[in-house]
$ cat query_38.txt   # compact mmCIF, C-alpha atoms
# COMPACT_ATOMS: atom_id res chain seq x y z
CA MET E 1 114.85 110.01 81.45
CA THR E 2 114.16 107.96 84.54
CA MET E 3 113.12 109.50 87.82
CA ASN E 4 115.57 109.91 90.65
CA SER E 5 114.79 108.14 93.93
CA ILE E 6 112.99 111.07 95.53
CA GLU E 7 110.85 111.75 92.45
CA LEU E 8 109.92 108.06 92.42
CA MET E 9 109.01 108.11 96.12
CA VAL E 10 106.83 111.19 95.60
CA GLU E 11 105.05 109.34 92.76
CA GLU E 12 104.55 106.32 95.01
CA HIS E 13 103.09 108.64 97.64
CA LYS E 14 100.41 109.62 95.11
CA ASN E 15 99.44 105.96 94.69
CA ILE E 16 99.43 105.41 98.45
CA LYS E 17 97.22 108.49 98.97
CA ARG E 18 94.82 107.07 96.38
CA MET E 19 94.57 103.91 98.50
CA LEU E 20 94.00 106.01 101.62
CA LYS E 21 90.90 107.47 99.91
CA VAL E 22 89.72 103.93 99.14
CA VAL E 23 90.20 102.91 102.79
CA ARG E 24 88.30 105.92 104.05
CA ASN E 25 85.42 105.42 101.60
CA ALA E 26 85.19 101.70 102.42
CA CYS E 27 84.93 102.66 106.10
CA TYR E 28 82.24 105.23 105.35
CA LYS E 29 80.16 102.54 103.61
CA VAL E 30 80.51 100.29 106.66
CA MET E 31 79.50 103.20 108.88
CA LEU E 32 76.37 103.63 106.74
CA GLY E 33 75.46 100.01 107.42
CA GLN E 34 77.01 98.03 104.58
CA ASP E 35 78.60 94.72 105.47
CA ILE E 36 82.37 94.61 105.64
CA ASN E 37 83.78 93.18 102.43
CA TYR E 38 86.55 91.11 103.98
CA ASN E 39 88.23 90.36 100.65
CA ASP E 40 88.43 94.06 99.81
CA PHE E 41 89.81 94.94 103.23
CA GLU E 42 92.38 92.15 102.86
CA GLU E 43 93.43 93.63 99.51
CA MET E 44 93.72 97.08 101.09
CA ILE E 45 95.88 95.61 103.86
CA ASP E 46 97.96 93.69 101.33
CA PHE E 47 98.56 96.88 99.31
CA ILE E 48 99.49 98.76 102.48
CA ARG E 49 101.79 96.06 103.82
CA ILE E 50 103.57 95.25 100.57
CA TYR E 51 103.38 98.31 98.29
CA ALA E 52 103.40 101.06 100.93
CA ASP E 53 105.51 99.38 103.60
CA VAL E 54 107.84 96.75 102.12
CA HIS E 55 108.24 98.38 98.70
CA HIS E 56 108.04 102.12 99.45
CA HIS E 57 109.13 102.36 103.09
CA GLY E 58 111.75 99.72 102.33
CA LYS E 59 113.51 102.08 99.94
CA GLU E 60 113.21 104.98 102.34
CA GLU E 61 114.53 103.05 105.32
CA LYS E 62 117.30 101.04 103.61
CA PHE E 63 118.67 103.79 101.38
CA LEU E 64 117.58 107.40 101.88
CA PHE E 65 116.92 107.45 105.62
CA LYS E 66 120.07 105.41 106.33
CA GLU E 67 122.18 108.04 104.55
CA MET E 68 120.38 110.88 106.30
CA VAL E 69 121.07 109.35 109.72
CA GLU E 70 124.72 108.73 108.83
CA HIS E 71 125.50 112.06 107.18
CA LEU E 72 123.17 114.79 108.45
CA GLY E 73 124.17 114.97 112.10
CA SER E 74 121.74 115.33 114.97
CA ALA E 75 119.10 117.01 112.77
CA GLY E 76 119.10 114.02 110.41
CA LYS E 77 119.10 111.50 113.26
CA ASN E 78 116.28 113.23 115.11
CA LEU E 79 114.15 113.71 112.01
CA ILE E 80 114.52 110.11 110.91
CA ILE E 81 114.91 108.05 114.10
CA HIS E 82 112.50 109.97 116.32
CA GLY E 83 110.20 111.12 113.53
CA MET E 84 109.83 109.14 110.34
CA LEU E 85 110.74 105.68 111.66
CA VAL E 86 108.46 106.09 114.68
CA GLU E 87 105.66 107.10 112.30
CA HIS E 88 106.32 104.07 110.08
CA ASP E 89 106.01 101.84 113.15
CA TRP E 90 102.86 103.62 114.23
CA GLY E 91 101.35 102.93 110.81
CA ARG E 92 102.27 99.25 111.13
CA LEU E 93 100.50 99.15 114.50
CA PHE E 94 97.29 100.60 113.00
CA ILE E 95 97.37 97.90 110.31
CA SER E 96 98.02 95.00 112.70
CA GLU E 97 95.18 96.27 114.93
CA LEU E 98 92.94 96.60 111.85
CA LYS E 99 93.70 93.02 110.83
CA ALA E 100 92.93 91.74 114.34
CA ALA E 101 89.67 93.71 114.49
CA LEU E 102 88.55 92.33 111.12
CA LEU E 103 89.13 88.81 112.42
CA ARG E 104 87.10 89.51 115.56
CA VAL E 105 84.18 90.88 113.51
CA LYS E 106 84.35 87.88 111.19
CA GLU E 107 84.12 85.64 114.28
CA GLY E 108 80.95 87.41 115.44
CA ASP E 109 82.19 90.29 117.62
CA ASP E 110 80.04 93.05 116.13
CA GLU E 111 81.43 95.71 118.50
CA SER E 112 84.87 95.26 116.90
CA LYS E 113 83.50 97.03 113.80
CA LEU E 114 84.32 100.16 115.81
CA ASP E 115 87.97 99.01 115.97
CA VAL E 116 87.96 98.31 112.22
CA LEU E 117 86.80 101.83 111.48
CA ALA E 118 89.02 103.48 114.10
CA ASN E 119 92.19 101.75 112.96
CA ALA E 120 91.52 102.04 109.23
CA VAL E 121 90.61 105.75 109.37
CA GLY E 122 93.35 106.37 111.94
CA TYR E 123 95.87 104.82 109.56
CA ALA E 124 94.58 106.82 106.60
CA ASN E 125 94.76 110.10 108.52
CA HIS E 126 98.16 109.28 110.03
CA LEU E 127 99.76 108.21 106.78
CA GLY E 128 98.33 111.16 104.87
CA ARG E 129 100.00 113.58 107.29
CA HIS E 130 103.18 111.50 107.26
CA ILE E 131 103.38 111.63 103.46
CA ASP E 132 102.85 115.39 103.48
CA LYS E 133 105.79 115.77 105.90
CA GLU E 134 108.04 113.59 103.80
CA ASP E 135 107.18 115.41 100.58
CA ALA E 136 107.47 118.91 102.04
CA VAL E 137 110.22 118.54 104.64
CA VAL E 138 112.16 115.26 104.69
CA TYR E 139 112.84 114.85 100.98
CA THR E 140 113.62 118.55 100.56
CA PHE E 141 116.06 118.39 103.48
CA ALA E 142 117.75 115.33 101.96
CA GLU E 143 118.07 116.94 98.52
CA LYS E 144 119.53 120.14 99.97
CA LYS E 145 121.90 118.60 102.51
CA LEU E 146 123.09 115.24 101.13
CA SER E 147 126.02 115.42 98.72
CA ALA E 148 125.57 114.62 95.04
CA GLU E 149 127.70 111.52 95.58
CA ILE E 150 125.44 110.23 98.35
CA MET E 151 122.28 111.01 96.36
CA ASP E 152 123.79 109.19 93.39
CA ARG E 153 124.35 106.13 95.60
CA VAL E 154 120.73 106.31 96.86
CA ASN E 155 119.52 106.60 93.25
CA LYS E 156 121.54 103.56 92.17
CA GLN E 157 120.32 101.49 95.13
CA THR E 158 116.75 102.55 94.40
CA ASP E 159 117.12 101.63 90.72
CA SER E 160 118.35 98.14 91.63
CA PHE E 161 115.53 97.70 94.14
CA GLU E 162 112.97 98.85 91.54
CA ASP E 163 114.41 96.57 88.85
CA GLU E 164 114.06 93.55 91.15
CA ALA E 165 110.51 94.54 92.12
CA THR E 166 109.63 94.98 88.43
CA LYS E 167 110.91 91.48 87.66
CA GLN E 168 108.60 90.18 90.40
CA GLY E 169 105.69 92.26 89.05
CA THR E 170 105.22 94.13 92.34
CA GLN E 171 104.35 97.56 90.98
CA THR E 172 102.00 96.27 88.26
CA HIS E 173 100.22 93.91 90.66
CA TYR E 174 99.56 96.54 93.31
CA ILE E 175 98.53 99.31 90.92
CA LYS E 176 96.00 96.86 89.45
CA ILE E 177 94.61 96.17 92.96
CA LEU E 178 94.46 99.93 93.60
CA GLU E 179 92.55 100.57 90.38
CA GLU E 180 90.09 97.73 91.05
CA LEU E 181 89.37 99.01 94.56
CA GLU E 182 89.00 102.59 93.29
CA GLY E 183 86.39 101.27 90.87
CA LYS E 184 84.41 99.88 93.81
CA TYR E 185 84.85 102.63 96.40
CA LEU E 186 85.44 105.96 94.64

$ encode --input "query_38.txt" --output "structure tokens"
Amino acid sequence: MTMNSIELMVEEHKNIKRMLKVVRNACYKVMLGQDINYNDFEEMIDFIRIYADVHHHGKEEKFLFKEMVEHLGSAGKNLIIHGMLVEHDWGRLFISELKAALLRVKEGDDESKLDVLANAVGYANHLGRHIDKEDAVVYTFAEKKLSAEIMDRVNKQTDSFEDEATKQGTQTHYIKILEELEGKYL
């Protein structure tokens, strides 16, 4: 039996949280004086931008959250528009600031290491809390309040999205990156 969309998203959250541990540990090593491994940080950013944001948040935003906004009244709109979507954007800001800080350090601005650490750890802490809210509150609310017909539509859309990503090798590629980075940092 295949997972429904929410079960799949919870599983993806587990992979994303694994990467958050990698990010935090990589930052700790930099704090202890190790040089920044730019390739590793680029892979972390790539995982975050593609697997966590385009792949995972893409399904949330295009399918589940869209239905919640359309069908769950002001509670759904407030939770999604003023909560989850704002938090997704906040995460994107941390990552763009992290990328800019890495470039500055690479170009010789040693003080920007502080911005690397602040944005990377800030992202990890932010997204960890965000995931906990989605797992405990948002997904539960959706499952309780959206009709079976709407959830079926979300599941079908998610299945199509996943099938296309599988054809492109997205999941396999990013889990491999995750496992390689865990081998280095955990």

$ residues_around --input "query_38.txt" --residues "Gly76 in chain E" --least-positions-apart "5" --cutoff "9 Å" --atoms "only C-alpha atoms" --output "list in words"
Phe65, Glu67, Met68, Val69, Glu70, His71, Ile81, Phe141 and Ala142 of chain E

$ write_last_selection --input "query_38.txt" --atoms "C-alpha atoms" --output "PDB file, keeping the file's coordinate frame"
ATOM      1  CA  PHE E  65     116.920 107.450 105.620  1.00  0.00           C
ATOM      2  CA  GLU E  67     122.180 108.040 104.550  1.00  0.00           C
ATOM      3  CA  MET E  68     120.380 110.880 106.300  1.00  0.00           C
ATOM      4  CA  VAL E  69     121.070 109.350 109.720  1.00  0.00           C
ATOM      5  CA  GLU E  70     124.720 108.730 108.830  1.00  0.00           C
ATOM      6  CA  HIS E  71     125.500 112.060 107.180  1.00  0.00           C
ATOM      7  CA  ILE E  81     114.910 108.050 114.100  1.00  0.00           C
ATOM      8  CA  PHE E 141     116.060 118.390 103.480  1.00  0.00           C
ATOM      9  CA  ALA E 142     117.750 115.330 101.960  1.00  0.00           C
TER      10      ALA E 142
END

$ closest_residue --input "query_38.txt" --among "E:Leu114, E:Met44, E:Tyr28, E:Ile6" --to "Glu179 in chain E" --atoms "all atoms listed in the file"
E:Met44

$ closest_residue --input "query_38.txt" --among "E:Glu134, E:Glu12, E:Glu7, E:Asp89" --to "Gln171 in chain E" --atoms "only C-alpha atoms"
E:Glu12

$ closest_residue --input "query_38.txt" --among "E:Thr2, E:Ser96, E:Ser112, E:Asn25" --to "Arg49 in chain E" --atoms "all atoms listed in the file"
E:Ser96

$ residues_around --input "query_38.txt" --residues "Leu20 in chain E" --least-positions-apart "6" --cutoff "12 Å" --atoms "all atoms listed in the file" --output "PyMOL selection string"
chain E and resi 13-14+26-27+41+44-45+47-48+52+120-129+131+178+181-182+185-186

$ decode --input "query_38.txt" --residues "range 169-185 of chain E" --atoms "all heavy atoms" --output "PDB file, in the first residue's frame"
ATOM      1  N   GLY E 169      14.545  11.281 -10.921  1.00  0.00           N
ATOM      2  CA  GLY E 169      15.518  10.811  -9.945  1.00  0.00           C
ATOM      3  C   GLY E 169      15.703  11.736  -8.751  1.00  0.00           C
ATOM      4  O   GLY E 169      16.693  11.633  -8.020  1.00  0.00           O
ATOM      5  N   THR E 170      14.750  12.629  -8.526  1.00  0.00           N
ATOM      6  CA  THR E 170      14.889  13.640  -7.473  1.00  0.00           C
ATOM      7  C   THR E 170      15.089  13.018  -6.098  1.00  0.00           C
ATOM      8  O   THR E 170      16.068  13.331  -5.403  1.00  0.00           O
ATOM      9  CB  THR E 170      13.651  14.570  -7.458  1.00  0.00           C
ATOM     10  OG1 THR E 170      13.521  15.185  -8.737  1.00  0.00           O
ATOM     11  CG2 THR E 170      13.770  15.644  -6.383  1.00  0.00           C
ATOM     12  N   GLN E 171      14.173  12.142  -5.695  1.00  0.00           N
ATOM     13  CA  GLN E 171      14.240  11.589  -4.340  1.00  0.00           C
ATOM     14  C   GLN E 171      15.544  10.816  -4.128  1.00  0.00           C
ATOM     15  O   GLN E 171      16.242  11.025  -3.130  1.00  0.00           O
ATOM     16  CB  GLN E 171      13.031  10.676  -4.069  1.00  0.00           C
ATOM     17  CG  GLN E 171      11.698  11.367  -4.211  1.00  0.00           C
ATOM     18  CD  GLN E 171      11.087  11.221  -5.612  1.00  0.00           C
ATOM     19  OE1 GLN E 171      11.785  11.246  -6.624  1.00  0.00           O
ATOM     20  NE2 GLN E 171       9.759  11.094  -5.659  1.00  0.00           N
ATOM     21  N   THR E 172      15.894   9.944  -5.059  1.00  0.00           N
ATOM     22  CA  THR E 172      17.102   9.129  -4.939  1.00  0.00           C
ATOM     23  C   THR E 172      18.345  10.005  -4.850  1.00  0.00           C
ATOM     24  O   THR E 172      19.220   9.787  -4.007  1.00  0.00           O
ATOM     25  CB  THR E 172      17.212   8.175  -6.147  1.00  0.00           C
ATOM     26  OG1 THR E 172      16.017   7.392  -6.208  1.00  0.00           O
ATOM     27  CG2 THR E 172      18.409   7.253  -6.030  1.00  0.00           C
ATOM     28  N   HIS E 173      18.418  11.010  -5.706  1.00  0.00           N
ATOM     29  CA  HIS E 173      19.569  11.916  -5.743  1.00  0.00           C
ATOM     30  C   HIS E 173      19.760  12.624  -4.405  1.00  0.00           C
ATOM     31  O   HIS E 173      20.880  12.669  -3.869  1.00  0.00           O
ATOM     32  CB  HIS E 173      19.377  12.942  -6.873  1.00  0.00           C
ATOM     33  CG  HIS E 173      20.427  13.994  -6.914  1.00  0.00           C
ATOM     34  ND1 HIS E 173      21.721  13.753  -7.352  1.00  0.00           N
ATOM     35  CD2 HIS E 173      20.387  15.310  -6.558  1.00  0.00           C
ATOM     36  CE1 HIS E 173      22.424  14.868  -7.274  1.00  0.00           C
ATOM     37  NE2 HIS E 173      21.640  15.829  -6.794  1.00  0.00           N
ATOM     38  N   TYR E 174      18.681  13.166  -3.867  1.00  0.00           N
ATOM     39  CA  TYR E 174      18.816  13.963  -2.648  1.00  0.00           C
ATOM     40  C   TYR E 174      18.992  13.113  -1.396  1.00  0.00           C
ATOM     41  O   TYR E 174      19.676  13.535  -0.464  1.00  0.00           O
ATOM     42  CB  TYR E 174      17.689  14.996  -2.532  1.00  0.00           C
ATOM     43  CG  TYR E 174      17.958  16.101  -3.522  1.00  0.00           C
ATOM     44  CD1 TYR E 174      17.292  16.159  -4.734  1.00  0.00           C
ATOM     45  CD2 TYR E 174      18.957  17.037  -3.274  1.00  0.00           C
ATOM     46  CE1 TYR E 174      17.600  17.138  -5.665  1.00  0.00           C
ATOM     47  CE2 TYR E 174      19.270  18.016  -4.200  1.00  0.00           C
ATOM     48  CZ  TYR E 174      18.588  18.058  -5.396  1.00  0.00           C
ATOM     49  OH  TYR E 174      18.915  19.018  -6.317  1.00  0.00           O
ATOM     50  N   ILE E 175      18.442  11.923  -1.373  1.00  0.00           N
ATOM     51  CA  ILE E 175      18.680  11.031  -0.225  1.00  0.00           C
ATOM     52  C   ILE E 175      20.142  10.588  -0.229  1.00  0.00           C
ATOM     53  O   ILE E 175      20.771  10.487   0.833  1.00  0.00           O
ATOM     54  CB  ILE E 175      17.700   9.832  -0.229  1.00  0.00           C
ATOM     55  CG1 ILE E 175      16.258  10.314  -0.078  1.00  0.00           C
ATOM     56  CG2 ILE E 175      18.067   8.824   0.864  1.00  0.00           C
ATOM     57  CD1 ILE E 175      15.979  11.197   1.127  1.00  0.00           C
ATOM     58  N   LYS E 176      20.704  10.399  -1.406  1.00  0.00           N
ATOM     59  CA  LYS E 176      22.127  10.034  -1.513  1.00  0.00           C
ATOM     60  C   LYS E 176      23.002  11.173  -0.966  1.00  0.00           C
ATOM     61  O   LYS E 176      23.944  10.924  -0.212  1.00  0.00           O
ATOM     62  CB  LYS E 176      22.483   9.728  -2.971  1.00  0.00           C
ATOM     63  CG  LYS E 176      23.911   9.283  -3.160  1.00  0.00           C
ATOM     64  CD  LYS E 176      24.185   8.911  -4.612  1.00  0.00           C
ATOM     65  CE  LYS E 176      25.612   8.456  -4.766  1.00  0.00           C
ATOM     66  NZ  LYS E 176      26.340   9.159  -5.790  1.00  0.00           N
ATOM     67  N   ILE E 177      22.690  12.415  -1.344  1.00  0.00           N
ATOM     68  CA  ILE E 177      23.430  13.570  -0.820  1.00  0.00           C
ATOM     69  C   ILE E 177      23.305  13.621   0.704  1.00  0.00           C
ATOM     70  O   ILE E 177      24.297  13.816   1.412  1.00  0.00           O
ATOM     71  CB  ILE E 177      22.917  14.886  -1.450  1.00  0.00           C
ATOM     72  CG1 ILE E 177      23.380  14.991  -2.903  1.00  0.00           C
ATOM     73  CG2 ILE E 177      23.384  16.104  -0.645  1.00  0.00           C
ATOM     74  CD1 ILE E 177      22.797  16.172  -3.662  1.00  0.00           C
ATOM     75  N   LEU E 178      22.089  13.426   1.212  1.00  0.00           N
ATOM     76  CA  LEU E 178      21.854  13.433   2.655  1.00  0.00           C
ATOM     77  C   LEU E 178      22.724  12.393   3.342  1.00  0.00           C
ATOM     78  O   LEU E 178      23.409  12.693   4.330  1.00  0.00           O
ATOM     79  CB  LEU E 178      20.369  13.164   2.933  1.00  0.00           C
ATOM     80  CG  LEU E 178      19.957  12.942   4.384  1.00  0.00           C
ATOM     81  CD1 LEU E 178      20.287  14.153   5.247  1.00  0.00           C
ATOM     82  CD2 LEU E 178      18.475  12.597   4.463  1.00  0.00           C
ATOM     83  N   GLU E 179      22.728  11.182   2.825  1.00  0.00           N
ATOM     84  CA  GLU E 179      23.499  10.101   3.451  1.00  0.00           C
ATOM     85  C   GLU E 179      25.001  10.383   3.404  1.00  0.00           C
ATOM     86  O   GLU E 179      25.722  10.117   4.384  1.00  0.00           O
ATOM     87  CB  GLU E 179      23.170   8.768   2.779  1.00  0.00           C
ATOM     88  CG  GLU E 179      21.764   8.295   3.114  1.00  0.00           C
ATOM     89  CD  GLU E 179      21.266   7.126   2.266  1.00  0.00           C
ATOM     90  OE1 GLU E 179      21.929   6.763   1.265  1.00  0.00           O
ATOM     91  OE2 GLU E 179      20.197   6.584   2.604  1.00  0.00           O
ATOM     92  N   GLU E 180      25.487  10.940   2.296  1.00  0.00           N
ATOM     93  CA  GLU E 180      26.909  11.277   2.196  1.00  0.00           C
ATOM     94  C   GLU E 180      27.285  12.344   3.224  1.00  0.00           C
ATOM     95  O   GLU E 180      28.331  12.234   3.867  1.00  0.00           O
ATOM     96  CB  GLU E 180      27.247  11.747   0.777  1.00  0.00           C
ATOM     97  CG  GLU E 180      27.240  10.627  -0.237  1.00  0.00           C
ATOM     98  CD  GLU E 180      27.349  11.122  -1.685  1.00  0.00           C
ATOM     99  OE1 GLU E 180      27.444  12.353  -1.916  1.00  0.00           O
ATOM    100  OE2 GLU E 180      27.323  10.264  -2.588  1.00  0.00           O
ATOM    101  N   LEU E 181      26.456  13.365   3.359  1.00  0.00           N
ATOM    102  CA  LEU E 181      26.745  14.435   4.311  1.00  0.00           C
ATOM    103  C   LEU E 181      26.625  13.934   5.756  1.00  0.00           C
ATOM    104  O   LEU E 181      27.399  14.341   6.624  1.00  0.00           O
ATOM    105  CB  LEU E 181      25.833  15.637   4.060  1.00  0.00           C
ATOM    106  CG  LEU E 181      26.156  16.422   2.787  1.00  0.00           C
ATOM    107  CD1 LEU E 181      25.064  17.441   2.493  1.00  0.00           C
ATOM    108  CD2 LEU E 181      27.527  17.088   2.869  1.00  0.00           C
ATOM    109  N   GLU E 182      25.675  13.051   6.013  1.00  0.00           N
ATOM    110  CA  GLU E 182      25.583  12.460   7.363  1.00  0.00           C
ATOM    111  C   GLU E 182      26.862  11.704   7.686  1.00  0.00           C
ATOM    112  O   GLU E 182      27.323  11.741   8.823  1.00  0.00           O
ATOM    113  CB  GLU E 182      24.383  11.518   7.448  1.00  0.00           C
ATOM    114  CG  GLU E 182      23.062  12.225   7.589  1.00  0.00           C
ATOM    115  CD  GLU E 182      21.860  11.283   7.609  1.00  0.00           C
ATOM    116  OE1 GLU E 182      21.881  10.253   6.896  1.00  0.00           O
ATOM    117  OE2 GLU E 182      20.902  11.588   8.331  1.00  0.00           O
ATOM    118  N   GLY E 183      27.411  11.023   6.687  1.00  0.00           N
ATOM    119  CA  GLY E 183      28.663  10.294   6.905  1.00  0.00           C
ATOM    120  C   GLY E 183      29.825  11.208   7.301  1.00  0.00           C
ATOM    121  O   GLY E 183      30.715  10.804   8.050  1.00  0.00           O
ATOM    122  N   LYS E 184      29.782  12.443   6.835  1.00  0.00           N
ATOM    123  CA  LYS E 184      30.848  13.399   7.146  1.00  0.00           C
ATOM    124  C   LYS E 184      30.609  14.154   8.457  1.00  0.00           C
ATOM    125  O   LYS E 184      31.554  14.537   9.142  1.00  0.00           O
ATOM    126  CB  LYS E 184      30.957  14.446   6.035  1.00  0.00           C
ATOM    127  CG  LYS E 184      31.575  13.959   4.773  1.00  0.00           C
ATOM    128  CD  LYS E 184      31.686  15.123   3.783  1.00  0.00           C
ATOM    129  CE  LYS E 184      32.378  14.705   2.517  1.00  0.00           C
ATOM    130  NZ  LYS E 184      32.546  15.857   1.614  1.00  0.00           N
ATOM    131  N   TYR E 185      29.352  14.449   8.766  1.00  0.00           N
ATOM    132  CA  TYR E 185      29.059  15.390   9.846  1.00  0.00           C
ATOM    133  C   TYR E 185      28.360  14.804  11.057  1.00  0.00           C
ATOM    134  O   TYR E 185      28.220  15.486  12.075  1.00  0.00           O
ATOM    135  CB  TYR E 185      28.253  16.575   9.302  1.00  0.00           C
ATOM    136  CG  TYR E 185      29.091  17.430   8.384  1.00  0.00           C
ATOM    137  CD1 TYR E 185      29.004  17.286   7.003  1.00  0.00           C
ATOM    138  CD2 TYR E 185      29.985  18.361   8.891  1.00  0.00           C
ATOM    139  CE1 TYR E 185      29.796  18.046   6.151  1.00  0.00           C
ATOM    140  CE2 TYR E 185      30.782  19.128   8.063  1.00  0.00           C
ATOM    141  CZ  TYR E 185      30.682  18.966   6.693  1.00  0.00           C
ATOM    142  OH  TYR E 185      31.461  19.719   5.856  1.00  0.00           O
TER     143      TYR E 185
END
